[in-house]
Each structure stands twice: as C-alpha cells, then as structure tokens.
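Student: The structure is given below, and queries will be raised subsequently.
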Amino acid sequence: MAHSFLDLKSIPLTDLQKILTISQTISQNLLNPEIQRNLKSPRVLAFAFFEASTRTKLSFQLASHRLGYQNIILENASSSITKGESPKDTLFNLAAMGIDGIVVRCNDDLDLQTLSAQISVPLINAGWGKRGHPTQALLDVLTLQQKLKHKLAGQKIVFIGDVVHSRVASSHFELLHQLGLQIGVLAPESWRPAKPSNLKIFADRDQALEWCNVAYVLRVQFERHDHQKNNFDSKNYFSQFGLTLEALNQANPSALVMHPGPINHGIEFEEKLLGDPRCLVYQQVRNGVSVREAVLSYVFGEF
Ligand code: ASP
C-alpha cells in the first residue's frame with residue numbers, strides 16, 4: 001500500500017537502510033541507459049513545488065521518468081496560485097485528478113502531516129520549510145557510505161552555518177545519530193539549534209574543522225530571515241564561518257566537504273573547493289537521482 005514520505009524519524013531504520021541499499025544498486029547503473037528498473041505499474045506523479053528548486057525537482061523528475069511514471073508539473077507562474085489559490089487547495093485539486101502521488105515542496109505554513117491524512121494520495125516531501133528534507137539527508141548518507149566504505153559509525157560531521165533555518169540539517173538530526181555518527185554545529189549564536197542536546201557546539205571554525213571528518217556547509221537561507229540581505233555582513237560571515245581551501249588545508253586536510261546546493265559562493269563557501277577531490281558536491285547531486293528513485297519505489301510499495 002502506498003503511503004506518504006514526510007520525515008525520517010517515523011520510518012523504521014531498517015526501511016531506511018533498505019532504501020539506501022536499493023539506492024546504491026541503482027547508482028551503480030545510473031549512467032547505463034540500457035538498464036532501467038523493471039516497470040511494475042505505470043503511475044502519474046504530480047509535482048507541486050511552491051518554493052524554488054533545481055536539484056530536487058529535476059532529480060525527482062528524472063527518477064520518476066526512469067521508473068516509467070508520467071509527471072505532471074504545476075507551473076507556479078501560470079497556475080491559479082497567481083489568482084490567490086492556496087497551496088492546500090491546490091494539493092486537494094491535484095489529488096482529485098486521479099493521480100498516484102504528489103511530490104511537494106512548501107513552506108512551514110502547510111501542515112503536510114495533517115494533509116497526508118486527508119488527501120487520498122501519498123505526499124512525498126521534497127523540502128518542507130525548515131522542518132525537513134528527508135531525501136537530501138538520505139542522498140548525503142549514501143554519498144558518505146560510498147566514500148567511507150560504509151564505515152559511518154563513529155564518524156564526526158559538523159554542520160556549518162545557518163543551521164536553525166535549514167531543513168537539510170533538521171533531517172540529518174533525525175537520522176545521523178541512529179547511524180552512529182557524532183554531530184557538531186558551527187554557527188553564529190542566533191543560528192544554532194534551540195535544543196542542542198546530542199550536538200557538539202563550536203564557535204571557532206578551526207576547532208570545528210579539526211574535530212570533524214566531514215564538513216557539511218549549509219547555505220545561508222536569506223529567504224527565511226526576517227531582516228533583509230543587505231543587513232547581513234557577508235564579508236565578516238565568510239571570514240568566520242565560510243569554508244575555504246586554506247582553512248581546510250590548515251585545520252584538517254583529510255576532512256570531506258559537502259554542501260546541499262545551491263551554493264552562495266564567497267558567503268559560506270569558496271568556489272575553488274568545488275574542484276577539490278575532498279569535495280563531494282557533484283556526487284551528492286548524482287546520488288539524488290538514485291535515492292529518489294528508491295524512495296518512490298518505497299512509497300508505492302514496489303520493493
Ligand atoms: N536545496 C536545499 C533545500 O532545498 C538546500 C538549500 O536550499 O539551502 O533545502
């Protein structure tokens with residue numbers, strides 16, 4: 001039976017591990033056009049992205065396409081959202097068309113949990129306000145498993161930057177401890193989580209880098225800040241919290257580097273890092289397709 005996929009904490013760890021195993025198998029054949037997964041039942045997925053997206057939206061579409069599903073895409077700019085229709089009404093209307101599921105990205109105002117009990121088709125979280133981005137956390141874990149040969153327990157990962165506004169961090173906080181990782185946070189005081197139990201808090205970039213095996217840089221989420229971008233001193237932020245090649249080389253040359261994208265170059269991340277072999281950003285992006293294919297199969301009970 002199909003069911004919604006909204007967060008990681010309510011999914012048994014064994015199921016998440018199964019998703020990761022299937023994702024790994026898919027990732028091994030990802031670039032082989034001859035090999036597509038067996039299409040058990042063609043489905044129609046609706047894509048309702050009320051917030052901007054590049055990687056998540058396109059990789060979900062590609063994953064869906066690889067499974068032989070059809071996609072219908074809500075184009076915000078030409079939809080009735082511009083006439084004031086609410087995202088909630090939009091979702092009910094999409095479900096009424098006889099589709100099989102809705103991949104949704106929205107802000108915190110929409111209560112996907114409650115809606116999932118009212119709407120007749122599964123909702124798949126593709127980024128929900130600050131609350132969570134479960135497929136991002138899974139694709140990050142898959143990337144680490146590949147890089148670290150599945151030795152995740154005991155690894156130390158530090159999340160750097162705008163942690164409090166990050167749904168990516170929220171989902172990781174639901175998953176990484178279960179997998180035995182230690183989690184650190186390096187952030188300005190006002191961007192640290194309110195309840196930092198189980199998290200090691202750093203104020204100094206070099207100390208955080210020395211401590212970790214993985215430096216996970218987060219985008220500064222300007223769109224979720226009350227104040228305007230021009231109140232933000234990006235130069236000062238970059239000098240304290242930005243990840244640079246030099247800082248990495250000095251503090252911890254063996255640390256891996258991750259970022260969920262999109263990147264604010266020169267604000268949280270030095271562009272040069274992208275070409276560094278320690279930087280896993282494009283591997284993360286590629287794994288997005290495999291993980292989303294596995295998650296869609298899971299949602300529709302196909303494995
Ligand atoms: N792409 C990720 C998200 O949608 C990260 C980000 O936007 O900063 O949450």
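In the structure tokens, the first chain shown is A, the next is B, and so on; residue numbers restart at 1 for each chain, and ligands run from 1 in the order shown.
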Within 6 Å of ligand 1, which residues show up when you count only C-alpha atoms and all ligand atoms? List them as a tab-separated table (two decimals) with N, CA, C and O atoms, in the first residue's frame, please.
Tutor:
chain	number	residue	atom	x	y	z
A	127	GLY	N	11.14	18.87	0.46
A	127	GLY	CA	11.62	20.10	1.10
A	127	GLY	C	10.45	20.83	1.72
A	127	GLY	O	9.62	21.38	1.00
A	167	ARG	N	16.35	22.91	6.62
A	167	ARG	CA	15.61	21.64	6.67
A	167	ARG	C	16.54	20.47	6.40
A	167	ARG	O	16.26	19.34	6.79
A	168	VAL	N	17.66	20.75	5.71
A	168	VAL	CA	18.63	19.68	5.47
A	168	VAL	C	19.20	19.22	6.82
A	168	VAL	O	19.24	18.02	7.13
A	219	ARG	N	23.78	26.41	3.13
A	219	ARG	CA	23.53	27.70	2.50
A	219	ARG	C	22.94	28.68	3.52
A	219	ARG	O	22.11	28.29	4.35
A	260	PRO	N	24.59	21.05	0.22
A	260	PRO	CA	23.40	20.54	-0.48
A	260	PRO	C	23.06	21.32	-1.74
A	260	PRO	O	22.23	20.89	-2.54
A	261	GLY	N	23.68	22.49	-1.94
A	261	GLY	CA	23.33	23.36	-3.05
A	261	GLY	C	21.96	23.99	-2.82
A	261	GLY	O	21.15	23.43	-2.09
A	262	PRO	N	21.69	25.14	-3.41
A	262	PRO	CA	22.61	25.95	-4.20
A	262	PRO	C	23.63	26.64	-3.31
A	262	PRO	O	23.35	26.92	-2.14
Student: Give me, as JSON, numbers by chain, all polymer residues having an atom no more than 12 Å from region 10-14 of chain A, counting only C-alpha atoms and skipping those fewer than 2 positions away in the same chain.
Tutor: {"A": [3, 4, 5, 6, 7, 8, 16, 17, 18, 19, 20, 21, 113, 134, 138, 171, 174, 175, 176, 177, 178, 179, 295, 298, 299]}
Student: Could those residues be written to a file, using N, CA, C and O atoms, as a compact mmCIF listing (two decimals), in the first residue's frame?
Tutor:
# COMPACT_ATOMS: atom_id res chain seq x y z
N HIS A 3 2.11 4.98 0.81
CA HIS A 3 2.00 5.84 1.99
C HIS A 3 2.87 7.07 1.81
O HIS A 3 3.83 7.06 1.03
N SER A 4 2.57 8.12 2.53
CA SER A 4 3.33 9.36 2.40
C SER A 4 4.75 9.19 2.93
O SER A 4 5.03 8.28 3.72
N PHE A 5 5.61 10.10 2.51
CA PHE A 5 7.01 10.07 2.94
C PHE A 5 7.35 11.48 3.38
O PHE A 5 7.69 12.33 2.55
N LEU A 6 7.20 11.74 4.68
CA LEU A 6 7.30 13.13 5.14
C LEU A 6 8.51 13.42 6.00
O LEU A 6 8.99 14.55 6.04
N ASP A 7 8.95 12.43 6.75
CA ASP A 7 10.13 12.67 7.60
C ASP A 7 10.87 11.35 7.78
O ASP A 7 10.41 10.31 7.32
N LEU A 8 12.01 11.42 8.45
CA LEU A 8 12.79 10.18 8.62
C LEU A 8 12.55 9.54 9.98
O LEU A 8 12.70 8.33 10.13
N LEU A 16 14.85 2.47 6.12
CA LEU A 16 15.76 3.48 5.55
C LEU A 16 17.01 2.79 5.01
O LEU A 16 17.53 3.15 3.95
N GLN A 17 17.45 1.77 5.74
CA GLN A 17 18.65 1.06 5.27
C GLN A 17 18.37 0.32 3.96
O GLN A 17 19.21 0.27 3.07
N LYS A 18 17.16 -0.18 3.86
CA LYS A 18 16.75 -0.87 2.62
C LYS A 18 16.73 0.14 1.46
O LYS A 18 17.21 -0.15 0.36
N ILE A 19 16.21 1.32 1.72
CA ILE A 19 16.19 2.37 0.68
C ILE A 19 17.61 2.68 0.24
O ILE A 19 17.90 2.82 -0.95
N LEU A 20 18.53 2.77 1.22
CA LEU A 20 19.91 3.10 0.88
C LEU A 20 20.56 1.97 0.06
O LEU A 20 21.32 2.23 -0.87
N THR A 21 20.24 0.73 0.41
CA THR A 21 20.82 -0.39 -0.34
C THR A 21 20.31 -0.38 -1.78
O THR A 21 21.07 -0.54 -2.73
N GLN A 113 1.68 16.93 7.47
CA GLN A 113 1.33 15.77 8.29
C GLN A 113 -0.19 15.61 8.34
O GLN A 113 -0.73 14.53 8.09
N PRO A 134 13.94 15.00 3.77
CA PRO A 134 14.44 13.64 4.01
C PRO A 134 15.25 13.03 2.88
O PRO A 134 16.23 12.33 3.14
N LEU A 138 19.10 11.42 2.99
CA LEU A 138 19.41 10.05 2.54
C LEU A 138 20.46 10.06 1.45
O LEU A 138 21.37 9.22 1.44
N SER A 171 16.64 17.18 8.91
CA SER A 171 16.52 15.75 8.56
C SER A 171 17.75 14.97 9.00
O SER A 171 17.65 13.83 9.44
N GLU A 174 17.60 13.86 12.45
CA GLU A 174 16.70 12.72 12.69
C GLU A 174 17.39 11.39 12.36
O GLU A 174 16.95 10.34 12.78
N LEU A 175 18.43 11.45 11.56
CA LEU A 175 18.98 10.21 11.02
C LEU A 175 20.40 9.86 11.50
O LEU A 175 20.69 8.71 11.82
N LEU A 176 21.27 10.86 11.55
CA LEU A 176 22.70 10.53 11.69
C LEU A 176 23.05 9.86 13.01
O LEU A 176 23.89 8.96 13.06
N HIS A 177 22.39 10.31 14.09
CA HIS A 177 22.69 9.65 15.38
C HIS A 177 22.30 8.18 15.33
O HIS A 177 22.99 7.32 15.88
N GLN A 178 21.20 7.89 14.64
CA GLN A 178 20.76 6.48 14.52
C GLN A 178 21.82 5.65 13.82
O GLN A 178 21.90 4.44 14.02
N LEU A 179 22.61 6.29 12.97
CA LEU A 179 23.65 5.56 12.22
C LEU A 179 24.99 5.60 12.94
O LEU A 179 26.00 5.14 12.41
N VAL A 295 13.20 5.94 -3.16
CA VAL A 295 12.13 6.43 -2.28
C VAL A 295 10.76 6.32 -2.97
O VAL A 295 9.77 5.89 -2.36
N TYR A 298 9.71 2.85 -2.79
CA TYR A 298 9.30 2.54 -1.40
C TYR A 298 7.88 3.05 -1.13
O TYR A 298 7.04 2.34 -0.61
N VAL A 299 7.65 4.29 -1.55
CA VAL A 299 6.34 4.92 -1.31
C VAL A 299 5.22 4.06 -1.94
O VAL A 299 4.16 3.89 -1.36
Student: Env of Glu246 (chain A): 12 Å cut, atoms = only C-alpha atoms, seq-sep filter 2 positions within chain, self excluded. Answer as a ChimeraX atom specification.
Tutor: /A:205-206,209,239,242-244,248-253,269-270,272-273,276
Student: Take the selection from the previous step and output its residues with C-alpha atoms, as a compact mmCIF listing (two decimals), in the first residue's frame.
Tutor:
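Contents of part.txt, freshly written:
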# COMPACT_ATOMS: atom_id res chain seq x y z
CA ARG A 205 35.94 27.39 12.60
CA ASP A 206 39.38 25.85 13.04
CA LEU A 209 37.31 21.57 11.32
CA SER A 239 35.84 35.22 7.37
CA GLY A 242 32.96 30.42 5.37
CA LEU A 243 34.76 27.27 4.27
CA THR A 244 37.93 27.97 2.30
CA LEU A 248 40.53 23.22 5.36
CA ASN A 249 44.15 22.54 4.48
CA GLN A 250 45.40 24.16 7.64
CA ALA A 251 42.91 22.72 10.12
CA ASN A 252 42.14 19.31 8.68
CA PRO A 253 43.43 18.29 5.25
CA PHE A 269 31.85 28.51 0.53
CA GLU A 270 34.93 29.21 -1.55
CA LYS A 272 37.77 26.72 -5.53
CA LEU A 273 36.67 23.90 -3.22
CA ASP A 276 38.90 19.58 -4.86
Student: Rank A:Leu110, A:Ile72, A:Arg105, A:Glu51 by their smallest atom-to-atom distance to Lys88 (chain A), using only C-alpha atoms, and report the top residue only.
Tutor: A:Leu110
Student: Could you give me, as a PDB file with all heavy atoms, in the first residue's frame, the residues within 8 Å of Phe300 (chain A), counting only C-alpha atoms and dropping anything in the same chain fewer than 3 positions from it?
Tutor:
ATOM      1  N   MET A   1       0.834  -1.207   0.000  1.00  0.00           N
ATOM      2  CA  MET A   1       0.000   0.000   0.000  1.00  0.00           C
ATOM      3  C   MET A   1       0.873   1.263   0.000  1.00  0.00           C
ATOM      4  O   MET A   1       1.879   1.317   0.694  1.00  0.00           O
ATOM      5  CB  MET A   1      -0.879  -0.030   1.259  1.00  0.00           C
ATOM      6  CG  MET A   1      -2.115   0.825   1.138  1.00  0.00           C
ATOM      7  SD  MET A   1      -2.924   1.030   2.726  1.00  0.00           S
ATOM      8  CE  MET A   1      -2.411   2.634   3.211  1.00  0.00           C
ATOM      9  N   ALA A   2       0.469   2.238  -0.803  1.00  0.00           N
ATOM     10  CA  ALA A   2       1.257   3.476  -0.875  1.00  0.00           C
ATOM     11  C   ALA A   2       1.062   4.311   0.387  1.00  0.00           C
ATOM     12  O   ALA A   2      -0.011   4.309   0.980  1.00  0.00           O
ATOM     13  CB  ALA A   2       0.835   4.279  -2.097  1.00  0.00           C
ATOM     14  N   HIS A   3       2.113   4.983   0.807  1.00  0.00           N
ATOM     15  CA  HIS A   3       2.000   5.840   1.987  1.00  0.00           C
ATOM     16  C   HIS A   3       2.875   7.066   1.809  1.00  0.00           C
ATOM     17  O   HIS A   3       3.833   7.057   1.034  1.00  0.00           O
ATOM     18  CB  HIS A   3       2.404   5.073   3.261  1.00  0.00           C
ATOM     19  CG  HIS A   3       3.650   4.269   3.068  1.00  0.00           C
ATOM     20  ND1 HIS A   3       4.901   4.806   3.131  1.00  0.00           N
ATOM     21  CD2 HIS A   3       3.824   2.955   2.760  1.00  0.00           C
ATOM     22  CE1 HIS A   3       5.804   3.866   2.888  1.00  0.00           C
ATOM     23  NE2 HIS A   3       5.183   2.740   2.657  1.00  0.00           N
ATOM     24  N   LEU A 296      10.699   6.633  -4.253  1.00  0.00           N
ATOM     25  CA  LEU A 296       9.414   6.500  -4.963  1.00  0.00           C
ATOM     26  C   LEU A 296       8.973   5.042  -4.982  1.00  0.00           C
ATOM     27  O   LEU A 296       7.803   4.728  -4.747  1.00  0.00           O
ATOM     28  CB  LEU A 296       9.533   7.039  -6.397  1.00  0.00           C
ATOM     29  CG  LEU A 296       9.684   8.559  -6.518  1.00  0.00           C
ATOM     30  CD1 LEU A 296       9.921   8.964  -7.976  1.00  0.00           C
ATOM     31  CD2 LEU A 296       8.479   9.297  -5.954  1.00  0.00           C
ATOM     32  N   SER A 297       9.924   4.135  -5.210  1.00  0.00           N
ATOM     33  CA  SER A 297       9.574   2.708  -5.200  1.00  0.00           C
ATOM     34  C   SER A 297       9.071   2.297  -3.820  1.00  0.00           C
ATOM     35  O   SER A 297       8.123   1.518  -3.694  1.00  0.00           O
ATOM     36  CB  SER A 297      10.793   1.841  -5.547  1.00  0.00           C
ATOM     37  OG  SER A 297      11.354   2.258  -6.747  1.00  0.00           O
TER      38      SER A 297
END
Student: For Asn213 (chain A), which residue among A:Gln70, A:Asn107, A:Gln283, A:Ser254 is the nearest when counting only C-alpha atoms?
Tutor: A:Ser254
Student: Smallest atom-to-atom distance to Ile124 (chain A): which of A:Tyr69, A:Phe49, A:Trp191, A:Phe159, using only C-alpha atoms?
Tutor: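 Among the listed residues, A:Phe49 lies closest to Ile124 (chain A).
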Student: For a quick check of understanding, using only C-alpha atoms, which of A:Lys149, A:Lys9, A:Arg278, A:Arg286 has the smallest distance to Asn29 (chain A)?
Tutor: A:Arg286
Student: For Leu67 (chain A), which residue out of A:Glu293, A:Asp162, A:Asp109, A:Ile26 is the nearest one, using only C-alpha atoms?
Tutor: A:Glu293
Student: One decimal, Å: what's the distance from CA of Arg131 (chain A) over to CA of Leu199 (chain A), could you say?
Tutor: 17.7 Å
Student: Extract, using only C-alpha atoms, all DNA, RNA and protein residues at most 9 Å from Lys200 (chain A), discarding same-chain residues fewer than 2 positions from it, and format them as a VMD selection string.
Tutor: chain A and resid 158 182 to 186 196 to 198 202
Student: CA of Ser59 (chain A) and CA of Gly288 (chain A) are how many Å apart?
Tutor: 6.1 Å
